[in-house]
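Undergrad: What follows is the file coords.json, containing JSON, N, CA and C atoms:
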```
[["chain", "number", "residue", "atom", "x", "y", "z"],
["A", 1, "MET", "N", 0.83, 10.28, 5.45],
["A", 1, "MET", "CA", 0.21, 10.28, 4.14],
["A", 1, "MET", "C", -1.03, 11.16, 4.18],
["A", 2, "THR", "N", -1.15, 11.99, 3.18],
["A", 2, "THR", "CA", -2.31, 12.86, 3.12],
["A", 2, "THR", "C", -3.35, 12.26, 2.18],
["A", 3, "LEU", "N", -4.59, 12.47, 2.53],
["A", 3, "LEU", "CA", -5.69, 11.99, 1.71],
["A", 3, "LEU", "C", -6.06, 13.11, 0.76],
["A", 4, "LYS", "N", -5.70, 12.93, -0.51],
["A", 4, "LYS", "CA", -5.81, 14.01, -1.48],
["A", 4, "LYS", "C", -7.14, 14.03, -2.21],
["A", 5, "THR", "N", -7.68, 12.88, -2.50],
["A", 5, "THR", "CA", -8.91, 12.83, -3.29],
["A", 5, "THR", "C", -10.05, 12.24, -2.47],
["A", 6, "GLU", "N", -11.23, 12.40, -3.00],
["A", 6, "GLU", "CA", -12.39, 11.82, -2.35],
["A", 6, "GLU", "C", -12.27, 10.30, -2.28],
["A", 7, "ALA", "N", -11.71, 9.70, -3.32],
["A", 7, "ALA", "CA", -11.51, 8.25, -3.34],
["A", 7, "ALA", "C", -10.56, 7.82, -2.23],
["A", 8, "ASP", "N", -9.53, 8.63, -1.95],
["A", 8, "ASP", "CA", -8.61, 8.32, -0.85],
["A", 8, "ASP", "C", -9.35, 8.33, 0.49],
["A", 9, "TRP", "N", -10.22, 9.28, 0.67],
["A", 9, "TRP", "CA", -10.99, 9.37, 1.92],
["A", 9, "TRP", "C", -11.90, 8.16, 2.07],
["A", 10, "VAL", "N", -12.59, 7.80, 1.01],
["A", 10, "VAL", "CA", -13.49, 6.65, 1.06],
["A", 10, "VAL", "C", -12.70, 5.39, 1.36],
["A", 11, "ASP", "N", -11.57, 5.21, 0.69],
["A", 11, "ASP", "CA", -10.74, 4.03, 0.89],
["A", 11, "ASP", "C", -10.21, 3.98, 2.32],
["A", 12, "HIS", "N", -9.92, 5.12, 2.89],
["A", 12, "HIS", "CA", -9.38, 5.19, 4.25],
["A", 12, "HIS", "C", -10.38, 4.65, 5.28],
["A", 13, "PHE", "N", -11.65, 4.94, 5.09],
["A", 13, "PHE", "CA", -12.67, 4.56, 6.06],
["A", 13, "PHE", "C", -13.46, 3.30, 5.69],
["A", 14, "LYS", "N", -13.28, 2.81, 4.47],
["A", 14, "LYS", "CA", -14.00, 1.63, 4.00],
["A", 14, "LYS", "C", -13.42, 0.37, 4.63],
["A", 15, "LYS", "N", -14.28, -0.54, 5.04],
["A", 15, "LYS", "CA", -13.82, -1.80, 5.61],
["A", 15, "LYS", "C", -13.28, -2.70, 4.51],
["A", 16, "VAL", "N", -12.04, -3.15, 4.69],
["A", 16, "VAL", "CA", -11.41, -4.05, 3.74],
["A", 16, "VAL", "C", -11.57, -5.48, 4.23],
["A", 17, "CYS", "N", -11.26, -5.71, 5.49],
["A", 17, "CYS", "CA", -11.44, -7.02, 6.12],
["A", 17, "CYS", "C", -12.77, -6.97, 6.85],
["A", 18, "ILE", "N", -13.80, -7.47, 6.20],
["A", 18, "ILE", "CA", -15.15, -7.38, 6.74],
["A", 18, "ILE", "C", -15.30, -8.21, 8.01],
["A", 19, "CYS", "N", -14.72, -9.39, 8.03],
["A", 19, "CYS", "CA", -14.85, -10.28, 9.19],
["A", 19, "CYS", "C", -14.32, -9.64, 10.48],
["A", 20, "ARG", "N", -13.24, -8.87, 10.37],
["A", 20, "ARG", "CA", -12.63, -8.24, 11.54],
["A", 20, "ARG", "C", -12.90, -6.74, 11.61],
["A", 21, "SER", "N", -13.68, -6.21, 10.67],
["A", 21, "SER", "CA", -14.02, -4.78, 10.62],
["A", 21, "SER", "C", -12.78, -3.89, 10.60],
["A", 22, "ILE", "N", -11.84, -4.24, 9.75],
["A", 22, "ILE", "CA", -10.59, -3.47, 9.63],
["A", 22, "ILE", "C", -10.66, -2.61, 8.38],
["A", 23, "THR", "N", -10.41, -1.32, 8.57],
["A", 23, "THR", "CA", -10.52, -0.37, 7.46],
["A", 23, "THR", "C", -9.22, -0.24, 6.68],
["A", 24, "GLY", "N", -9.34, 0.36, 5.52],
["A", 24, "GLY", "CA", -8.17, 0.62, 4.69],
["A", 24, "GLY", "C", -7.17, 1.51, 5.39],
["A", 25, "GLY", "N", -7.64, 2.47, 6.18],
["A", 25, "GLY", "CA", -6.74, 3.36, 6.91],
["A", 25, "GLY", "C", -5.93, 2.62, 7.96],
["A", 26, "THR", "N", -6.55, 1.67, 8.64],
["A", 26, "THR", "CA", -5.84, 0.86, 9.64],
["A", 26, "THR", "C", -4.77, 0.02, 8.97],
["A", 27, "ILE", "N", -5.11, -0.54, 7.83],
["A", 27, "ILE", "CA", -4.16, -1.37, 7.08],
["A", 27, "ILE", "C", -3.00, -0.51, 6.60],
["A", 28, "LEU", "N", -3.29, 0.66, 6.04],
["A", 28, "LEU", "CA", -2.24, 1.54, 5.55],
["A", 28, "LEU", "C", -1.31, 1.98, 6.68],
["A", 29, "LYS", "N", -1.87, 2.29, 7.83],
["A", 29, "LYS", "CA", -1.05, 2.69, 8.98],
["A", 29, "LYS", "C", -0.12, 1.56, 9.39],
["A", 30, "ALA", "N", -0.61, 0.33, 9.41],
["A", 30, "ALA", "CA", 0.23, -0.82, 9.77],
["A", 30, "ALA", "C", 1.33, -1.04, 8.73],
["A", 31, "ILE", "N", 1.01, -0.82, 7.47],
["A", 31, "ILE", "CA", 2.01, -0.95, 6.41],
["A", 31, "ILE", "C", 3.09, 0.11, 6.60],
["A", 32, "GLN", "N", 2.68, 1.34, 6.86],
["A", 32, "GLN", "CA", 3.64, 2.42, 7.08],
["A", 32, "GLN", "C", 4.49, 2.18, 8.32],
["A", 33, "ASP", "N", 3.95, 1.45, 9.29],
["A", 33, "ASP", "CA", 4.69, 1.12, 10.50],
["A", 33, "ASP", "C", 5.63, -0.07, 10.32],
["A", 34, "GLY", "N", 5.66, -0.65, 9.11],
["A", 34, "GLY", "CA", 6.64, -1.68, 8.82],
["A", 34, "GLY", "C", 6.10, -3.07, 8.54],
["A", 35, "ALA", "N", 4.81, -3.28, 8.57],
["A", 35, "ALA", "CA", 4.25, -4.59, 8.23],
["A", 35, "ALA", "C", 4.14, -4.68, 6.71],
["A", 36, "LEU", "N", 5.20, -5.18, 6.07],
["A", 36, "LEU", "CA", 5.29, -5.12, 4.61],
["A", 36, "LEU", "C", 4.97, -6.44, 3.91],
["A", 37, "SER", "N", 4.24, -7.32, 4.57],
["A", 37, "SER", "CA", 3.76, -8.55, 3.94],
["A", 37, "SER", "C", 2.40, -8.87, 4.53],
["A", 38, "PHE", "N", 1.67, -9.73, 3.86],
["A", 38, "PHE", "CA", 0.35, -10.09, 4.37],
["A", 38, "PHE", "C", 0.47, -10.76, 5.73],
["A", 39, "GLU", "N", 1.46, -11.63, 5.88],
["A", 39, "GLU", "CA", 1.64, -12.32, 7.15],
["A", 39, "GLU", "C", 2.01, -11.34, 8.27],
["A", 40, "ALA", "N", 2.81, -10.34, 7.95],
["A", 40, "ALA", "CA", 3.17, -9.34, 8.96],
["A", 40, "ALA", "C", 1.92, -8.54, 9.37],
["A", 41, "LEU", "N", 1.07, -8.22, 8.41],
["A", 41, "LEU", "CA", -0.18, -7.53, 8.72],
["A", 41, "LEU", "C", -1.09, -8.42, 9.57],
["A", 42, "ARG", "N", -1.10, -9.69, 9.24],
["A", 42, "ARG", "CA", -1.93, -10.64, 10.00],
["A", 42, "ARG", "C", -1.50, -10.66, 11.47],
["A", 43, "ARG", "N", -0.19, -10.66, 11.70],
["A", 43, "ARG", "CA", 0.31, -10.66, 13.08],
["A", 43, "ARG", "C", 0.08, -9.31, 13.76],
["A", 44, "ALA", "N", 0.24, -8.24, 13.02],
["A", 44, "ALA", "CA", 0.15, -6.90, 13.61],
["A", 44, "ALA", "C", -1.28, -6.48, 13.94],
["A", 45, "ILE", "N", -2.20, -6.67, 13.00],
["A", 45, "ILE", "CA", -3.56, -6.16, 13.21],
["A", 45, "ILE", "C", -4.63, -7.24, 13.05],
["A", 46, "ARG", "N", -4.22, -8.48, 12.91],
["A", 46, "ARG", "CA", -5.12, -9.64, 12.82],
["A", 46, "ARG", "C", -6.04, -9.59, 11.60],
["A", 47, "VAL", "N", -5.58, -8.93, 10.56],
["A", 47, "VAL", "CA", -6.34, -8.88, 9.32],
["A", 47, "VAL", "C", -6.33, -10.28, 8.68],
["A", 48, "GLY", "N", -7.44, -10.69, 8.10],
["A", 48, "GLY", "CA", -7.50, -11.98, 7.43],
["A", 48, "GLY", "C", -7.63, -13.17, 8.37],
["A", 49, "THR", "N", -7.96, -12.94, 9.61],
["A", 49, "THR", "CA", -8.08, -14.04, 10.57],
["A", 49, "THR", "C", -9.53, -14.32, 10.95],
["A", 50, "GLY", "N", -10.45, -13.79, 10.19],
["A", 50, "GLY", "CA", -11.87, -13.97, 10.49],
["A", 50, "GLY", "C", -12.42, -15.25, 9.90],
["A", 51, "ASN", "N", -13.72, -15.31, 9.78],
["A", 51, "ASN", "CA", -14.41, -16.52, 9.31],
["A", 51, "ASN", "C", -14.03, -16.94, 7.89],
["A", 52, "CYS", "N", -13.77, -15.99, 7.02],
["A", 52, "CYS", "CA", -13.48, -16.34, 5.63],
["A", 52, "CYS", "C", -12.02, -16.71, 5.41],
["A", 53, "LYS", "N", -11.19, -16.55, 6.42],
["A", 53, "LYS", "CA", -9.74, -16.87, 6.34],
["A", 53, "LYS", "C", -9.08, -16.15, 5.17],
["A", 54, "ALA", "N", -9.43, -14.88, 4.99],
["A", 54, "ALA", "CA", -8.82, -13.96, 4.02],
["A", 54, "ALA", "C", -9.20, -14.23, 2.58],
["A", 55, "LYS", "N", -10.22, -15.01, 2.34],
["A", 55, "LYS", "CA", -10.63, -15.27, 0.95],
["A", 55, "LYS", "C", -11.18, -14.01, 0.28],
["A", 56, "ARG", "N", -11.81, -13.13, 1.06],
["A", 56, "ARG", "CA", -12.37, -11.91, 0.48],
["A", 56, "ARG", "C", -11.39, -10.75, 0.47],
["A", 57, "CYS", "N", -10.60, -10.63, 1.52],
["A", 57, "CYS", "CA", -9.79, -9.41, 1.68],
["A", 57, "CYS", "C", -8.34, -9.54, 1.20],
["A", 58, "ARG", "N", -7.81, -10.73, 1.12],
["A", 58, "ARG", "CA", -6.39, -10.87, 0.81],
["A", 58, "ARG", "C", -5.98, -10.20, -0.50],
["A", 59, "PRO", "N", -6.72, -10.40, -1.61],
["A", 59, "PRO", "CA", -6.31, -9.72, -2.85],
["A", 59, "PRO", "C", -6.26, -8.19, -2.72],
["A", 60, "LYS", "N", -7.23, -7.62, -2.02],
["A", 60, "LYS", "CA", -7.26, -6.16, -1.84],
["A", 60, "LYS", "C", -6.07, -5.70, -0.98],
["A", 61, "ILE", "N", -5.77, -6.47, 0.04],
["A", 61, "ILE", "CA", -4.66, -6.11, 0.93],
["A", 61, "ILE", "C", -3.34, -6.24, 0.20],
["A", 62, "GLU", "N", -3.18, -7.30, -0.57],
["A", 62, "GLU", "CA", -1.94, -7.47, -1.32],
["A", 62, "GLU", "C", -1.77, -6.38, -2.37],
["A", 63, "ASP", "N", -2.88, -5.90, -2.95],
["A", 63, "ASP", "CA", -2.81, -4.76, -3.87],
["A", 63, "ASP", "C", -2.32, -3.51, -3.14],
["A", 64, "LYS", "N", -2.80, -3.28, -1.93],
["A", 64, "LYS", "CA", -2.34, -2.14, -1.14],
["A", 64, "LYS", "C", -0.84, -2.26, -0.82],
["A", 65, "LEU", "N", -0.41, -3.45, -0.47],
["A", 65, "LEU", "CA", 1.01, -3.67, -0.19],
["A", 65, "LEU", "C", 1.85, -3.38, -1.43],
["A", 66, "HIS", "N", 1.42, -3.89, -2.56],
["A", 66, "HIS", "CA", 2.15, -3.69, -3.81],
["A", 66, "HIS", "C", 2.23, -2.21, -4.17],
["A", 67, "ALA", "N", 1.12, -1.51, -4.05],
["A", 67, "ALA", "CA", 1.09, -0.08, -4.38],
["A", 67, "ALA", "C", 2.01, 0.70, -3.45],
["A", 68, "TYR", "N", 2.02, 0.35, -2.17],
["A", 68, "TYR", "CA", 2.89, 1.05, -1.22],
["A", 68, "TYR", "C", 4.36, 0.81, -1.54],
["A", 69, "LYS", "N", 4.71, -0.44, -1.85],
["A", 69, "LYS", "CA", 6.11, -0.76, -2.17],
["A", 69, "LYS", "C", 6.54, -0.06, -3.46],
["A", 70, "CYS", "N", 5.65, 0.00, -4.43],
["A", 70, "CYS", "CA", 5.97, 0.70, -5.67],
["A", 70, "CYS", "C", 6.16, 2.20, -5.43],
["A", 71, "ALA", "N", 5.32, 2.77, -4.58],
["A", 71, "ALA", "CA", 5.44, 4.20, -4.25],
["A", 71, "ALA", "C", 6.78, 4.47, -3.56],
["A", 72, "LEU", "N", 7.19, 3.56, -2.68],
["A", 72, "LEU", "CA", 8.50, 3.71, -2.03],
["A", 72, "LEU", "C", 9.63, 3.64, -3.05],
["A", 73, "GLU", "N", 9.52, 2.73, -3.98],
["A", 73, "GLU", "CA", 10.55, 2.57, -5.00],
["A", 73, "GLU", "C", 10.65, 3.82, -5.88],
["A", 74, "VAL", "N", 9.50, 4.35, -6.27],
["A", 74, "VAL", "CA", 9.48, 5.56, -7.11],
["A", 74, "VAL", "C", 10.07, 6.74, -6.33],
["A", 75, "GLU", "N", 9.69, 6.87, -5.07],
["A", 75, "GLU", "CA", 10.21, 7.96, -4.24],
["A", 75, "GLU", "C", 11.72, 7.86, -4.06],
["A", 76, "ALA", "N", 12.21, 6.66, -3.84],
["A", 76, "ALA", "CA", 13.65, 6.46, -3.67],
["A", 76, "ALA", "C", 14.39, 6.82, -4.96],
["A", 77, "LYS", "N", 13.81, 6.45, -6.08],
["A", 77, "LYS", "CA", 14.44, 6.76, -7.37],
["A", 77, "LYS", "C", 14.48, 8.27, -7.60],
["A", 78, "ARG", "N", 13.40, 8.96, -7.26],
["A", 78, "ARG", "CA", 13.37, 10.42, -7.42],
["A", 78, "ARG", "C", 14.36, 11.10, -6.49],
["A", 79, "ASN", "N", 14.45, 10.60, -5.26],
["A", 79, "ASN", "CA", 15.42, 11.17, -4.31],
["A", 79, "ASN", "C", 16.84, 10.96, -4.79],
["A", 80, "LYS", "N", 17.11, 9.83, -5.39],
["A", 80, "LYS", "CA", 18.45, 9.55, -5.92],
["A", 80, "LYS", "C", 18.76, 10.50, -7.07],
["A", 81, "GLU", "N", 17.77, 10.73, -7.93],
["A", 81, "GLU", "CA", 17.97, 11.65, -9.04],
["A", 81, "GLU", "C", 18.23, 13.07, -8.54],
["A", 82, "LYS", "N", 17.49, 13.48, -7.51],
["A", 82, "LYS", "CA", 17.71, 14.81, -6.95],
["A", 82, "LYS", "C", 19.10, 14.93, -6.34],
["A", 83, "ALA", "N", 19.53, 13.88, -5.67],
["A", 83, "ALA", "CA", 20.85, 13.89, -5.04],
["A", 83, "ALA", "C", 21.95, 14.00, -6.07],
["A", 84, "GLN", "N", 21.76, 13.40, -7.22],
["A", 84, "GLN", "CA", 22.77, 13.44, -8.28],
["A", 84, "GLN", "C", 22.64, 14.70, -9.12],
["A", 85, "GLU", "N", 21.57, 15.46, -8.91],
["A", 85, "GLU", "CA", 21.29, 16.69, -9.64],
["A", 85, "GLU", "C", 21.31, 16.47, -11.15],
["A", 86, "ALA", "N", 20.81, 15.33, -11.55],
["A", 86, "ALA", "CA", 20.71, 15.02, -12.97],
["A", 86, "ALA", "C", 19.29, 15.33, -13.43],
["A", 87, "PRO", "N", 19.15, 15.87, -14.62],
["A", 87, "PRO", "CA", 17.79, 16.12, -15.12],
["A", 87, "PRO", "C", 17.08, 14.80, -15.36],
["A", 88, "ALA", "N", 15.84, 14.73, -14.93],
["A", 88, "ALA", "CA", 15.06, 13.50, -15.08],
["A", 88, "ALA", "C", 14.45, 13.45, -16.47],
["A", 89, "SER", "N", 14.72, 12.39, -17.18],
["A", 89, "SER", "CA", 14.11, 12.18, -18.49],
["A", 89, "SER", "C", 12.92, 11.25, -18.33],
["A", 90, "ALA", "N", 12.16, 11.09, -19.35],
["A", 90, "ALA", "CA", 10.99, 10.22, -19.29],
["A", 90, "ALA", "C", 11.39, 8.78, -19.01],
["A", 91, "ASP", "N", 12.54, 8.36, -19.53],
["A", 91, "ASP", "CA", 12.99, 6.99, -19.32],
["A", 91, "ASP", "C", 13.38, 6.72, -17.87],
["A", 92, "THR", "N", 13.96, 7.68, -17.18],
["A", 92, "THR", "CA", 14.40, 7.45, -15.81],
["A", 92, "THR", "C", 13.26, 7.53, -14.82],
["A", 93, "ARG", "N", 12.12, 8.06, -15.23],
["A", 93, "ARG", "CA", 10.98, 8.16, -14.32],
["A", 93, "ARG", "C", 10.17, 6.86, -14.27],
["A", 94, "SER", "N", 10.31, 6.00, -15.24],
["A", 94, "SER", "CA", 9.57, 4.75, -15.18],
["A", 94, "SER", "C", 10.15, 3.88, -14.09],
["A", 95, "ASN", "N", 9.31, 3.02, -13.50],
["A", 95, "ASN", "CA", 9.81, 2.18, -12.43],
["A", 95, "ASN", "C", 9.89, 0.73, -12.89],
["A", 96, "SER", "N", 10.50, -0.09, -12.07],
["A", 96, "SER", "CA", 10.71, -1.48, -12.45],
["A", 96, "SER", "C", 9.71, -2.41, -11.78],
["A", 97, "CYS", "N", 8.73, -1.86, -11.14],
["A", 97, "CYS", "CA", 7.75, -2.67, -10.42],
["A", 97, "CYS", "C", 6.84, -3.38, -11.42],
["A", 98, "ASP", "N", 6.94, -4.67, -11.52],
["A", 98, "ASP", "CA", 6.08, -5.49, -12.40],
["A", 98, "ASP", "C", 6.02, -4.95, -13.83],
["A", 99, "GLY", "N", 7.12, -4.62, -14.38],
["A", 99, "GLY", "CA", 7.14, -4.19, -15.77],
["A", 99, "GLY", "C", 6.36, -2.93, -16.03],
["A", 100, "GLY", "N", 6.34, -2.02, -15.06],
["A", 100, "GLY", "CA", 5.65, -0.76, -15.26],
["A", 100, "GLY", "C", 4.21, -0.77, -14.82],
["A", 101, "ALA", "N", 3.79, -1.76, -14.03],
["A", 101, "ALA", "CA", 2.42, -1.83, -13.58],
["A", 101, "ALA", "C", 2.07, -0.75, -12.57],
["A", 102, "CYS", "N", 3.10, -0.17, -11.95],
["A", 102, "CYS", "CA", 2.86, 0.88, -10.96],
["A", 102, "CYS", "C", 2.86, 2.23, -11.64],
["A", 103, "ASN", "N", 2.13, 3.15, -11.06],
["A", 103, "ASN", "CA", 2.12, 4.51, -11.58],
["A", 103, "ASN", "C", 2.97, 5.38, -10.71],
["A", 104, "PRO", "N", 3.97, 6.06, -11.27],
["A", 104, "PRO", "CA", 4.80, 6.94, -10.45],
["A", 104, "PRO", "C", 4.03, 8.14, -9.96]]
```
In structure tokens, write the structure found in this file.

TA:
Amino acid sequence: MTLKTEADWVDHFKKVCICRSITGGTILKAIQDGALSFEALRRAIRVGTGNCKAKRCRPKIEDKLHAYKCALEVEAKRNKEKAQEAPASADTRSNSCDGGACNP
């Protein structure tokens, strides 16, 4: 994954799990390596196992998980469209993630 904007860079180095000093980049790397649930991340990088027991970081981490899964879904849909060589219309570009809550 490339860091395209300044916000991406900040998010990459910003601590998400303060108790364990785990950054957004570490979390994203673990997600890309296959930890696709909060519990899987907890086992893989011990996120959310600090003093607050994930009260502060869990919502942010679950948002990252959701965004990653939506991005995968959008990418898969685009690859399928390319494989079928069908022109993409505005209707086929929308995704089904939470009723359109994700941005393609």

Undergrad: Which centre and which edge lengths, in Å to one decimal, describe the axis-aligned box that holds all listed atoms of region 9-12 of chain A after 5 Å is added on each side, as lines of an AutoDock Vina configuration file?

TA:
```
center_x = -11.4
center_y = 6.7
center_z = 3.0
size_x = 14.1
size_y = 15.4
size_z = 14.6
```

Undergrad: What is the distance, in Å and to one decimal place, between atom C of Lys64 (chain A) and atom C of Trp9 (chain A)?

TA: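 Separation between atom C of Lys64 (chain A) and atom C of Trp9 (chain A): 15.5 Å.
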
Undergrad: Distance CA of Leu36 (chain A)-atom N of Glu75 (chain A), one decimal place?

TA: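 Computing the Euclidean distance for CA of Leu36 (chain A) and atom N of Glu75 (chain A) yields 16.0 Å.
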
Undergrad: So how many Å separate atom N of Gly25 (chain A) and atom C of Lys77 (chain A), to one decimal?

TA: 26.7 Å

Undergrad: Check the smallest atom-to-atom distance from each of A:Leu65, A:Cys70, A:Val47, A:Val16 to Gln32 (chain A) using only C-alpha atoms, then report the winner.

TA: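 When distances to Gln32 (chain A) are compared using only C-alpha atoms, the smallest one comes from A:Leu65.
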
Undergrad: Between A:Ser21, A:Ala83, A:Thr5, A:Phe13, single out the one closest to Gly50 (chain A), counting all atoms listed in the file.

TA: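 The shortest atom-to-atom distance to Gly50 (chain A) comes from A:Ser21.
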
Undergrad: Can you work out which one of A:Pro59, A:Lys53, A:Tyr68, A:Asp11 has the shortest atom-to-atom distance to Gly34 (chain A), counting only C-alpha atoms?

TA: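 For Gly34 (chain A), the nearest of the candidates is A:Tyr68.
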
Undergrad: Using only C-alpha atoms, can you tell me which of A:Leu3, A:Ala30, A:Ala67, A:Val74 comes closest to Ile45 (chain A)?

TA: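 Checking each of A:Leu3, A:Ala30, A:Ala67, A:Val74 against Ile45 (chain A), counting only C-alpha atoms, the winner is A:Ala30.
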
Undergrad: Enumerate, as a PyMOL selection string, the complete set of residues in region 4-73 of chain A that a backbone-based DSSP assignment places in alpha helix (DSSP H).

TA: chain A and resi 6-13+24-32+38-45+58-73

Undergrad: Those residues you just picked out, can you put them in a file as a compact mmCIF listing (two decimals), in the coordinates of the input with N, CA and C atoms?

TA:
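What ended up in part05.txt:
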```txt
# COMPACT_ATOMS: atom_id res chain seq x y z
N GLU A 6 -11.23 12.40 -3.00
CA GLU A 6 -12.39 11.82 -2.35
C GLU A 6 -12.27 10.30 -2.28
N ALA A 7 -11.71 9.70 -3.32
CA ALA A 7 -11.51 8.25 -3.34
C ALA A 7 -10.56 7.82 -2.23
N ASP A 8 -9.53 8.63 -1.95
CA ASP A 8 -8.61 8.32 -0.85
C ASP A 8 -9.35 8.33 0.49
N TRP A 9 -10.22 9.28 0.67
CA TRP A 9 -10.99 9.37 1.92
C TRP A 9 -11.90 8.16 2.07
N VAL A 10 -12.59 7.80 1.01
CA VAL A 10 -13.49 6.65 1.06
C VAL A 10 -12.70 5.39 1.36
N ASP A 11 -11.57 5.21 0.69
CA ASP A 11 -10.74 4.03 0.89
C ASP A 11 -10.21 3.98 2.32
N HIS A 12 -9.92 5.12 2.89
CA HIS A 12 -9.38 5.19 4.25
C HIS A 12 -10.38 4.65 5.28
N PHE A 13 -11.65 4.94 5.09
CA PHE A 13 -12.67 4.56 6.06
C PHE A 13 -13.46 3.30 5.69
N GLY A 24 -9.34 0.36 5.52
CA GLY A 24 -8.17 0.62 4.69
C GLY A 24 -7.17 1.51 5.39
N GLY A 25 -7.64 2.47 6.18
CA GLY A 25 -6.74 3.36 6.91
C GLY A 25 -5.93 2.62 7.96
N THR A 26 -6.55 1.67 8.64
CA THR A 26 -5.84 0.86 9.64
C THR A 26 -4.77 0.02 8.97
N ILE A 27 -5.11 -0.54 7.83
CA ILE A 27 -4.16 -1.37 7.08
C ILE A 27 -3.00 -0.51 6.60
N LEU A 28 -3.29 0.66 6.04
CA LEU A 28 -2.24 1.54 5.55
C LEU A 28 -1.31 1.98 6.68
N LYS A 29 -1.87 2.29 7.83
CA LYS A 29 -1.05 2.69 8.98
C LYS A 29 -0.12 1.56 9.39
N ALA A 30 -0.61 0.33 9.41
CA ALA A 30 0.23 -0.82 9.77
C ALA A 30 1.33 -1.04 8.73
N ILE A 31 1.01 -0.82 7.47
CA ILE A 31 2.01 -0.95 6.41
C ILE A 31 3.09 0.11 6.60
N GLN A 32 2.68 1.34 6.86
CA GLN A 32 3.64 2.42 7.08
C GLN A 32 4.49 2.18 8.32
N PHE A 38 1.67 -9.73 3.86
CA PHE A 38 0.35 -10.09 4.37
C PHE A 38 0.47 -10.76 5.73
N GLU A 39 1.46 -11.63 5.88
CA GLU A 39 1.64 -12.32 7.15
C GLU A 39 2.01 -11.34 8.27
N ALA A 40 2.81 -10.34 7.95
CA ALA A 40 3.17 -9.34 8.96
C ALA A 40 1.92 -8.54 9.37
N LEU A 41 1.07 -8.22 8.41
CA LEU A 41 -0.18 -7.53 8.72
C LEU A 41 -1.09 -8.42 9.57
N ARG A 42 -1.10 -9.69 9.24
CA ARG A 42 -1.93 -10.64 10.00
C ARG A 42 -1.50 -10.66 11.47
N ARG A 43 -0.19 -10.66 11.70
CA ARG A 43 0.31 -10.66 13.08
C ARG A 43 0.08 -9.31 13.76
N ALA A 44 0.24 -8.24 13.02
CA ALA A 44 0.15 -6.90 13.61
C ALA A 44 -1.28 -6.48 13.94
N ILE A 45 -2.20 -6.67 13.00
CA ILE A 45 -3.56 -6.16 13.21
C ILE A 45 -4.63 -7.24 13.05
N ARG A 58 -7.81 -10.73 1.12
CA ARG A 58 -6.39 -10.87 0.81
C ARG A 58 -5.98 -10.20 -0.50
N PRO A 59 -6.72 -10.40 -1.61
CA PRO A 59 -6.31 -9.72 -2.85
C PRO A 59 -6.26 -8.19 -2.72
N LYS A 60 -7.23 -7.62 -2.02
CA LYS A 60 -7.26 -6.16 -1.84
C LYS A 60 -6.07 -5.70 -0.98
N ILE A 61 -5.77 -6.47 0.04
CA ILE A 61 -4.66 -6.11 0.93
C ILE A 61 -3.34 -6.24 0.20
N GLU A 62 -3.18 -7.30 -0.57
CA GLU A 62 -1.94 -7.47 -1.32
C GLU A 62 -1.77 -6.38 -2.37
N ASP A 63 -2.88 -5.90 -2.95
CA ASP A 63 -2.81 -4.76 -3.87
C ASP A 63 -2.32 -3.51 -3.14
N LYS A 64 -2.80 -3.28 -1.93
CA LYS A 64 -2.34 -2.14 -1.14
C LYS A 64 -0.84 -2.26 -0.82
N LEU A 65 -0.41 -3.45 -0.47
CA LEU A 65 1.01 -3.67 -0.19
C LEU A 65 1.85 -3.38 -1.43
N HIS A 66 1.42 -3.89 -2.56
CA HIS A 66 2.15 -3.69 -3.81
C HIS A 66 2.23 -2.21 -4.17
N ALA A 67 1.12 -1.51 -4.05
CA ALA A 67 1.09 -0.08 -4.38
C ALA A 67 2.01 0.70 -3.45
N TYR A 68 2.02 0.35 -2.17
CA TYR A 68 2.89 1.05 -1.22
C TYR A 68 4.36 0.81 -1.54
N LYS A 69 4.71 -0.44 -1.85
CA LYS A 69 6.11 -0.76 -2.17
C LYS A 69 6.54 -0.06 -3.46
N CYS A 70 5.65 0.00 -4.43
CA CYS A 70 5.97 0.70 -5.67
C CYS A 70 6.16 2.20 -5.43
N ALA A 71 5.32 2.77 -4.58
CA ALA A 71 5.44 4.20 -4.25
C ALA A 71 6.78 4.47 -3.56
N LEU A 72 7.19 3.56 -2.68
CA LEU A 72 8.50 3.71 -2.03
C LEU A 72 9.63 3.64 -3.05
N GLU A 73 9.52 2.73 -3.98
CA GLU A 73 10.55 2.57 -5.00
C GLU A 73 10.65 3.82 -5.88
```
